[in-house]
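Novice: Provided herewith: upload_5.txt, compact mmCIF, N, CA, C and O atoms.
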```txt
# COMPACT_ATOMS: atom_id res chain seq x y z
N MET A 53 27.25 132.99 78.43
CA MET A 53 28.17 132.58 79.48
C MET A 53 29.37 133.51 79.50
O MET A 53 29.76 134.05 78.48
N LYS A 54 29.96 133.66 80.67
CA LYS A 54 31.11 134.53 80.79
C LYS A 54 32.34 133.87 80.16
O LYS A 54 32.42 132.65 80.02
N LEU A 55 33.31 134.70 79.84
CA LEU A 55 34.51 134.22 79.16
C LEU A 55 35.31 133.26 80.03
O LEU A 55 35.86 132.28 79.53
N LYS A 56 35.36 133.50 81.36
CA LYS A 56 36.15 132.60 82.21
C LYS A 56 35.55 131.21 82.25
O LYS A 56 36.27 130.23 82.41
N TYR A 57 34.23 131.09 82.10
CA TYR A 57 33.62 129.77 82.04
C TYR A 57 33.97 129.07 80.74
O TYR A 57 34.24 127.89 80.71
N LEU A 58 33.94 129.84 79.65
CA LEU A 58 34.21 129.25 78.34
C LEU A 58 35.67 128.85 78.18
O LEU A 58 35.98 127.88 77.49
N LEU A 59 36.58 129.59 78.81
CA LEU A 59 38.00 129.30 78.65
C LEU A 59 38.50 128.21 79.60
O LEU A 59 39.61 127.72 79.42
N SER A 60 37.72 127.84 80.59
CA SER A 60 38.20 126.84 81.54
C SER A 60 38.37 125.46 80.89
O SER A 60 39.30 124.73 81.24
N LEU A 61 37.51 125.09 79.96
CA LEU A 61 37.64 123.78 79.31
C LEU A 61 38.88 123.71 78.40
O LEU A 61 39.67 122.78 78.54
N PRO A 62 39.10 124.66 77.49
CA PRO A 62 40.30 124.56 76.66
C PRO A 62 41.61 124.64 77.45
O PRO A 62 42.55 123.90 77.15
N VAL A 63 41.64 125.48 78.45
CA VAL A 63 42.85 125.59 79.26
C VAL A 63 43.09 124.28 80.02
O VAL A 63 44.23 123.79 80.09
N GLY A 64 42.04 123.69 80.54
CA GLY A 64 42.16 122.42 81.23
C GLY A 64 42.63 121.31 80.31
O GLY A 64 43.46 120.48 80.69
N MET A 65 42.13 121.30 79.10
CA MET A 65 42.54 120.26 78.15
C MET A 65 43.98 120.46 77.69
O MET A 65 44.71 119.49 77.50
N VAL A 66 44.40 121.71 77.53
CA VAL A 66 45.80 121.98 77.17
C VAL A 66 46.73 121.53 78.29
O VAL A 66 47.78 120.93 78.03
N MET A 67 46.35 121.81 79.54
CA MET A 67 47.16 121.36 80.67
C MET A 67 47.27 119.83 80.71
O MET A 67 48.33 119.29 80.98
N LEU A 68 46.17 119.15 80.44
CA LEU A 68 46.20 117.70 80.42
C LEU A 68 47.09 117.18 79.30
O LEU A 68 47.87 116.24 79.50
N GLY A 69 47.01 117.80 78.14
CA GLY A 69 47.86 117.39 77.02
C GLY A 69 49.34 117.60 77.31
O GLY A 69 50.17 116.74 77.01
N ILE A 70 49.67 118.73 77.90
CA ILE A 70 51.06 119.01 78.25
C ILE A 70 51.55 118.00 79.28
O ILE A 70 52.67 117.48 79.17
N ALA A 71 50.73 117.70 80.27
CA ALA A 71 51.11 116.73 81.29
C ALA A 71 51.36 115.35 80.70
O ALA A 71 52.34 114.68 81.04
N LEU A 72 50.49 114.94 79.80
CA LEU A 72 50.67 113.62 79.17
C LEU A 72 51.91 113.57 78.30
O LEU A 72 52.64 112.57 78.29
N LEU A 73 52.18 114.65 77.57
CA LEU A 73 53.38 114.68 76.74
C LEU A 73 54.64 114.72 77.59
O LEU A 73 55.65 114.07 77.24
N MET A 74 54.61 115.46 78.69
CA MET A 74 55.77 115.50 79.59
C MET A 74 56.04 114.11 80.17
O MET A 74 57.19 113.68 80.26
N GLU A 75 54.97 113.42 80.56
CA GLU A 75 55.14 112.09 81.15
C GLU A 75 55.67 111.09 80.13
O GLU A 75 56.46 110.21 80.47
N LYS A 76 55.27 111.25 78.89
CA LYS A 76 55.66 110.30 77.85
C LYS A 76 57.09 110.52 77.38
O LYS A 76 57.84 109.55 77.20
N PHE A 77 57.50 111.77 77.17
CA PHE A 77 58.75 112.03 76.48
C PHE A 77 59.90 112.53 77.34
O PHE A 77 61.05 112.47 76.91
N LEU A 78 59.65 113.04 78.53
CA LEU A 78 60.72 113.55 79.37
C LEU A 78 61.16 112.49 80.37
O LEU A 78 60.36 111.65 80.78
N PRO A 79 62.43 112.52 80.76
CA PRO A 79 62.90 111.53 81.75
C PRO A 79 62.22 111.76 83.10
O PRO A 79 61.94 112.89 83.49
N SER A 80 61.99 110.68 83.80
CA SER A 80 61.27 110.77 85.06
C SER A 80 62.22 111.14 86.20
O SER A 80 63.27 110.55 86.37
N ASN A 81 61.85 112.18 86.92
CA ASN A 81 62.51 112.53 88.18
C ASN A 81 61.47 113.14 89.10
O ASN A 81 60.31 113.32 88.72
N ASN A 82 61.84 113.43 90.33
CA ASN A 82 60.87 113.89 91.31
C ASN A 82 60.22 115.20 90.92
O ASN A 82 59.00 115.39 91.09
N PHE A 83 61.01 116.13 90.39
CA PHE A 83 60.47 117.44 90.03
C PHE A 83 59.46 117.33 88.89
O PHE A 83 58.37 117.91 88.95
N LEU A 84 59.79 116.59 87.85
CA LEU A 84 58.87 116.45 86.72
C LEU A 84 57.62 115.67 87.11
O LEU A 84 56.52 115.97 86.63
N ASP A 85 57.76 114.68 87.98
CA ASP A 85 56.58 113.97 88.46
C ASP A 85 55.64 114.90 89.22
O ASP A 85 54.42 114.81 89.11
N PHE A 86 56.21 115.80 90.01
CA PHE A 86 55.40 116.78 90.73
C PHE A 86 54.67 117.70 89.76
O PHE A 86 53.47 117.96 89.91
N ILE A 87 55.38 118.20 88.76
CA ILE A 87 54.78 119.11 87.77
C ILE A 87 53.67 118.41 87.00
O ILE A 87 52.59 118.98 86.75
N VAL A 88 53.90 117.15 86.61
CA VAL A 88 52.87 116.39 85.89
C VAL A 88 51.64 116.21 86.77
O VAL A 88 50.50 116.41 86.32
N GLY A 89 51.83 115.87 88.02
CA GLY A 89 50.70 115.71 88.93
C GLY A 89 49.95 117.02 89.14
O GLY A 89 48.72 117.04 89.22
N LEU A 90 50.69 118.11 89.25
CA LEU A 90 50.07 119.42 89.42
C LEU A 90 49.24 119.79 88.19
O LEU A 90 48.10 120.26 88.31
N LEU A 91 49.78 119.56 87.00
CA LEU A 91 49.05 119.88 85.77
C LEU A 91 47.80 119.02 85.63
O LEU A 91 46.74 119.50 85.21
N ILE A 92 47.90 117.75 85.96
CA ILE A 92 46.73 116.87 85.87
C ILE A 92 45.67 117.29 86.88
O ILE A 92 44.48 117.32 86.57
N GLY A 93 46.09 117.64 88.08
CA GLY A 93 45.14 118.10 89.09
C GLY A 93 44.44 119.39 88.70
O GLY A 93 43.22 119.51 88.84
N LEU A 94 45.20 120.35 88.19
CA LEU A 94 44.60 121.61 87.74
C LEU A 94 43.66 121.38 86.56
O LEU A 94 42.61 122.01 86.45
N SER A 95 44.04 120.47 85.67
CA SER A 95 43.19 120.15 84.54
C SER A 95 41.87 119.56 85.01
O SER A 95 40.79 119.92 84.52
N LEU A 96 41.94 118.67 85.98
CA LEU A 96 40.74 118.05 86.52
C LEU A 96 39.82 119.10 87.15
O LEU A 96 38.61 119.11 86.92
N VAL A 97 40.40 120.00 87.92
CA VAL A 97 39.61 121.05 88.57
C VAL A 97 38.95 121.96 87.53
O VAL A 97 37.77 122.29 87.65
N LEU A 98 39.70 122.38 86.53
CA LEU A 98 39.14 123.27 85.51
C LEU A 98 38.04 122.59 84.70
O LEU A 98 37.03 123.21 84.36
N ASN A 99 38.22 121.31 84.38
CA ASN A 99 37.19 120.61 83.61
C ASN A 99 35.92 120.40 84.42
O ASN A 99 34.82 120.56 83.90
N ILE A 100 36.05 120.09 85.70
CA ILE A 100 34.87 119.95 86.56
C ILE A 100 34.19 121.31 86.75
O ILE A 100 32.97 121.41 86.78
N TYR A 101 34.98 122.37 86.87
CA TYR A 101 34.44 123.72 86.99
C TYR A 101 33.62 124.08 85.75
O TYR A 101 32.54 124.66 85.85
N TYR A 102 34.12 123.72 84.57
CA TYR A 102 33.40 123.99 83.33
C TYR A 102 32.07 123.22 83.30
O TYR A 102 31.03 123.78 82.96
N ILE A 103 32.11 121.96 83.66
CA ILE A 103 30.88 121.15 83.66
C ILE A 103 29.86 121.73 84.63
O ILE A 103 28.68 121.84 84.32
N GLY A 104 30.33 122.13 85.81
CA GLY A 104 29.42 122.73 86.79
C GLY A 104 28.83 124.03 86.31
O GLY A 104 27.65 124.31 86.53
N SER A 105 29.64 124.85 85.64
CA SER A 105 29.12 126.13 85.16
C SER A 105 28.13 125.93 84.02
O SER A 105 27.15 126.68 83.92
N VAL A 106 28.35 124.93 83.18
CA VAL A 106 27.39 124.65 82.10
C VAL A 106 26.07 124.17 82.68
O VAL A 106 24.99 124.59 82.25
N ILE A 107 26.13 123.30 83.67
CA ILE A 107 24.90 122.82 84.31
C ILE A 107 24.16 123.96 84.99
O ILE A 107 22.94 124.10 84.86
N ARG A 108 24.90 124.81 85.71
CA ARG A 108 24.26 125.94 86.41
C ARG A 108 23.65 126.91 85.40
O ARG A 108 22.56 127.43 85.60
N HIS A 109 24.35 127.16 84.29
CA HIS A 109 23.85 128.08 83.27
C HIS A 109 22.60 127.52 82.59
O HIS A 109 21.66 128.26 82.31
N SER A 110 22.58 126.21 82.34
CA SER A 110 21.41 125.62 81.69
C SER A 110 20.20 125.62 82.62
O SER A 110 19.07 125.72 82.15
N ARG A 111 20.41 125.49 83.92
CA ARG A 111 19.29 125.54 84.86
C ARG A 111 18.71 126.94 84.97
O ARG A 111 17.52 127.10 85.17
N LYS A 112 19.55 127.97 84.85
CA LYS A 112 19.06 129.34 84.92
C LYS A 112 18.25 129.73 83.71
O LYS A 112 17.35 130.55 83.78
N GLU A 113 18.53 129.12 82.55
CA GLU A 113 17.81 129.47 81.33
C GLU A 113 16.41 128.89 81.32
O GLU A 113 15.54 129.40 80.65
N LYS A 114 16.16 127.81 82.03
CA LYS A 114 14.85 127.15 82.00
C LYS A 114 13.83 127.92 82.77
O LYS A 114 13.81 128.75 83.46
```
Show me this structure written as structure tokens.
Specialist:
Amino acid sequence: MKLKYLLSLPVGMVMLGIALLMEKFLPSNNFLDFIVGLLIGLSLVLNIYYIGSVIRHSRKEK
């Protein structure tokens, strides 16, 4: 598998972790809520991209 496929899962999980920590420990305001939502959305996209690439890669090997 290519490196960008392999790195999408760890980067997505790091973004999710940062978003959860920001939501838990930083005071809530509009800007931070936007950043948390953006990080969670990007994390979701990267994790789904990784799952799709693993499925596509496994189908090509068969």
Novice: Extract, using only C-alpha atoms, all DNA, RNA and protein residues at most 10 Å from Leu59 in chain A, discarding same-chain residues fewer than 4 positions from it, and format them as number ranges by chain.
Specialist: A: 54-55, 63-64, 98, 102
Novice: When you draw a straight line from atom O of Tyr57 in chain A to atom O of Ser95 in chain A, how long is it in Å?
Specialist: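 One can read the atom O of Tyr57 in chain A to atom O of Ser95 in chain A distance as 11.0 Å.
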Novice: Please list, as a list in words, the residues that have an atom at most 7 Å away from (54.0, 115.5, 84.2) in the coordinates of this file, counting only N, CA, C and O atoms.
Specialist: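 Those residues lying close to the given coordinates are Ile70, Ala71, Leu72, Leu73, Met74, Glu75, Lys76, Phe83, Leu84, Asp85, Phe86, Ile87, Val88, Gly89, Leu90, Leu91 and Ile92 of chain A.
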Novice: To one decimal in Å, tell me the separation between atom O of Leu68 in chain A and atom O of Leu96 in chain A.
Specialist: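 One can read the atom O of Leu68 in chain A to atom O of Leu96 in chain A distance as 12.2 Å.
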Novice: Provide range 94-105 of chain A rebuilt to all heavy atoms, formatted as a PDB file, in the frame of the given file.
Specialist:
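result_7.pdb, freshly written:
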```pdb
ATOM      1  N   LEU A  94      45.200 120.350  88.190  1.00  0.00           N
ATOM      2  CA  LEU A  94      44.600 121.610  87.740  1.00  0.00           C
ATOM      3  C   LEU A  94      43.660 121.380  86.560  1.00  0.00           C
ATOM      4  O   LEU A  94      42.610 122.010  86.450  1.00  0.00           O
ATOM      5  CB  LEU A  94      45.682 122.617  87.370  1.00  0.00           C
ATOM      6  CG  LEU A  94      46.438 123.234  88.534  1.00  0.00           C
ATOM      7  CD1 LEU A  94      47.584 124.089  88.009  1.00  0.00           C
ATOM      8  CD2 LEU A  94      45.515 124.058  89.398  1.00  0.00           C
ATOM      9  N   SER A  95      44.040 120.470  85.670  1.00  0.00           N
ATOM     10  CA  SER A  95      43.190 120.150  84.540  1.00  0.00           C
ATOM     11  C   SER A  95      41.870 119.560  85.010  1.00  0.00           C
ATOM     12  O   SER A  95      40.790 119.920  84.520  1.00  0.00           O
ATOM     13  CB  SER A  95      43.897 119.155  83.624  1.00  0.00           C
ATOM     14  OG  SER A  95      43.020 118.662  82.653  1.00  0.00           O
ATOM     15  N   LEU A  96      41.940 118.670  85.980  1.00  0.00           N
ATOM     16  CA  LEU A  96      40.740 118.050  86.520  1.00  0.00           C
ATOM     17  C   LEU A  96      39.820 119.100  87.150  1.00  0.00           C
ATOM     18  O   LEU A  96      38.610 119.110  86.920  1.00  0.00           O
ATOM     19  CB  LEU A  96      41.124 116.990  87.541  1.00  0.00           C
ATOM     20  CG  LEU A  96      40.012 116.171  88.169  1.00  0.00           C
ATOM     21  CD1 LEU A  96      39.348 115.310  87.106  1.00  0.00           C
ATOM     22  CD2 LEU A  96      40.573 115.305  89.259  1.00  0.00           C
ATOM     23  N   VAL A  97      40.400 120.000  87.920  1.00  0.00           N
ATOM     24  CA  VAL A  97      39.610 121.050  88.570  1.00  0.00           C
ATOM     25  C   VAL A  97      38.950 121.960  87.530  1.00  0.00           C
ATOM     26  O   VAL A  97      37.770 122.290  87.650  1.00  0.00           O
ATOM     27  CB  VAL A  97      40.502 121.865  89.531  1.00  0.00           C
ATOM     28  CG1 VAL A  97      39.807 123.131  89.989  1.00  0.00           C
ATOM     29  CG2 VAL A  97      40.892 121.018  90.725  1.00  0.00           C
ATOM     30  N   LEU A  98      39.700 122.380  86.530  1.00  0.00           N
ATOM     31  CA  LEU A  98      39.140 123.270  85.510  1.00  0.00           C
ATOM     32  C   LEU A  98      38.040 122.590  84.700  1.00  0.00           C
ATOM     33  O   LEU A  98      37.030 123.210  84.360  1.00  0.00           O
ATOM     34  CB  LEU A  98      40.238 123.788  84.582  1.00  0.00           C
ATOM     35  CG  LEU A  98      41.139 124.846  85.179  1.00  0.00           C
ATOM     36  CD1 LEU A  98      42.303 125.144  84.238  1.00  0.00           C
ATOM     37  CD2 LEU A  98      40.381 126.106  85.485  1.00  0.00           C
ATOM     38  N   ASN A  99      38.220 121.310  84.380  1.00  0.00           N
ATOM     39  CA  ASN A  99      37.190 120.610  83.610  1.00  0.00           C
ATOM     40  C   ASN A  99      35.920 120.400  84.420  1.00  0.00           C
ATOM     41  O   ASN A  99      34.820 120.560  83.900  1.00  0.00           O
ATOM     42  CB  ASN A  99      37.738 119.270  83.107  1.00  0.00           C
ATOM     43  CG  ASN A  99      38.791 119.467  82.039  1.00  0.00           C
ATOM     44  OD1 ASN A  99      38.807 120.468  81.342  1.00  0.00           O
ATOM     45  ND2 ASN A  99      39.693 118.509  81.921  1.00  0.00           N
ATOM     46  N   ILE A 100      36.050 120.090  85.700  1.00  0.00           N
ATOM     47  CA  ILE A 100      34.870 119.950  86.560  1.00  0.00           C
ATOM     48  C   ILE A 100      34.190 121.310  86.750  1.00  0.00           C
ATOM     49  O   ILE A 100      32.970 121.410  86.780  1.00  0.00           O
ATOM     50  CB  ILE A 100      35.255 119.291  87.895  1.00  0.00           C
ATOM     51  CG1 ILE A 100      35.613 117.831  87.642  1.00  0.00           C
ATOM     52  CG2 ILE A 100      34.125 119.403  88.913  1.00  0.00           C
ATOM     53  CD1 ILE A 100      36.159 117.108  88.837  1.00  0.00           C
ATOM     54  N   TYR A 101      34.980 122.370  86.870  1.00  0.00           N
ATOM     55  CA  TYR A 101      34.440 123.720  86.990  1.00  0.00           C
ATOM     56  C   TYR A 101      33.620 124.080  85.750  1.00  0.00           C
ATOM     57  O   TYR A 101      32.540 124.660  85.850  1.00  0.00           O
ATOM     58  CB  TYR A 101      35.588 124.707  87.186  1.00  0.00           C
ATOM     59  CG  TYR A 101      35.181 126.145  87.267  1.00  0.00           C
ATOM     60  CD1 TYR A 101      34.545 126.644  88.386  1.00  0.00           C
ATOM     61  CD2 TYR A 101      35.458 127.018  86.217  1.00  0.00           C
ATOM     62  CE1 TYR A 101      34.180 127.971  88.465  1.00  0.00           C
ATOM     63  CE2 TYR A 101      35.102 128.344  86.291  1.00  0.00           C
ATOM     64  CZ  TYR A 101      34.460 128.816  87.413  1.00  0.00           C
ATOM     65  OH  TYR A 101      34.105 130.126  87.480  1.00  0.00           O
ATOM     66  N   TYR A 102      34.120 123.720  84.570  1.00  0.00           N
ATOM     67  CA  TYR A 102      33.400 123.990  83.330  1.00  0.00           C
ATOM     68  C   TYR A 102      32.070 123.220  83.300  1.00  0.00           C
ATOM     69  O   TYR A 102      31.030 123.780  82.960  1.00  0.00           O
ATOM     70  CB  TYR A 102      34.243 123.612  82.120  1.00  0.00           C
ATOM     71  CG  TYR A 102      33.514 123.785  80.816  1.00  0.00           C
ATOM     72  CD1 TYR A 102      33.339 125.043  80.261  1.00  0.00           C
ATOM     73  CD2 TYR A 102      32.960 122.694  80.144  1.00  0.00           C
ATOM     74  CE1 TYR A 102      32.656 125.220  79.070  1.00  0.00           C
ATOM     75  CE2 TYR A 102      32.276 122.857  78.968  1.00  0.00           C
ATOM     76  CZ  TYR A 102      32.125 124.125  78.432  1.00  0.00           C
ATOM     77  OH  TYR A 102      31.438 124.281  77.265  1.00  0.00           O
ATOM     78  N   ILE A 103      32.110 121.960  83.660  1.00  0.00           N
ATOM     79  CA  ILE A 103      30.880 121.150  83.660  1.00  0.00           C
ATOM     80  C   ILE A 103      29.860 121.730  84.630  1.00  0.00           C
ATOM     81  O   ILE A 103      28.680 121.840  84.320  1.00  0.00           O
ATOM     82  CB  ILE A 103      31.214 119.681  83.983  1.00  0.00           C
ATOM     83  CG1 ILE A 103      32.003 119.062  82.837  1.00  0.00           C
ATOM     84  CG2 ILE A 103      29.945 118.882  84.244  1.00  0.00           C
ATOM     85  CD1 ILE A 103      32.587 117.704  83.157  1.00  0.00           C
ATOM     86  N   GLY A 104      30.330 122.130  85.810  1.00  0.00           N
ATOM     87  CA  GLY A 104      29.420 122.730  86.790  1.00  0.00           C
ATOM     88  C   GLY A 104      28.830 124.030  86.310  1.00  0.00           C
ATOM     89  O   GLY A 104      27.650 124.310  86.530  1.00  0.00           O
ATOM     90  N   SER A 105      29.640 124.850  85.640  1.00  0.00           N
ATOM     91  CA  SER A 105      29.120 126.130  85.160  1.00  0.00           C
ATOM     92  C   SER A 105      28.130 125.930  84.020  1.00  0.00           C
ATOM     93  O   SER A 105      27.150 126.680  83.920  1.00  0.00           O
ATOM     94  CB  SER A 105      30.262 127.038  84.721  1.00  0.00           C
ATOM     95  OG  SER A 105      30.931 126.499  83.605  1.00  0.00           O
TER      96      SER A 105
END
```
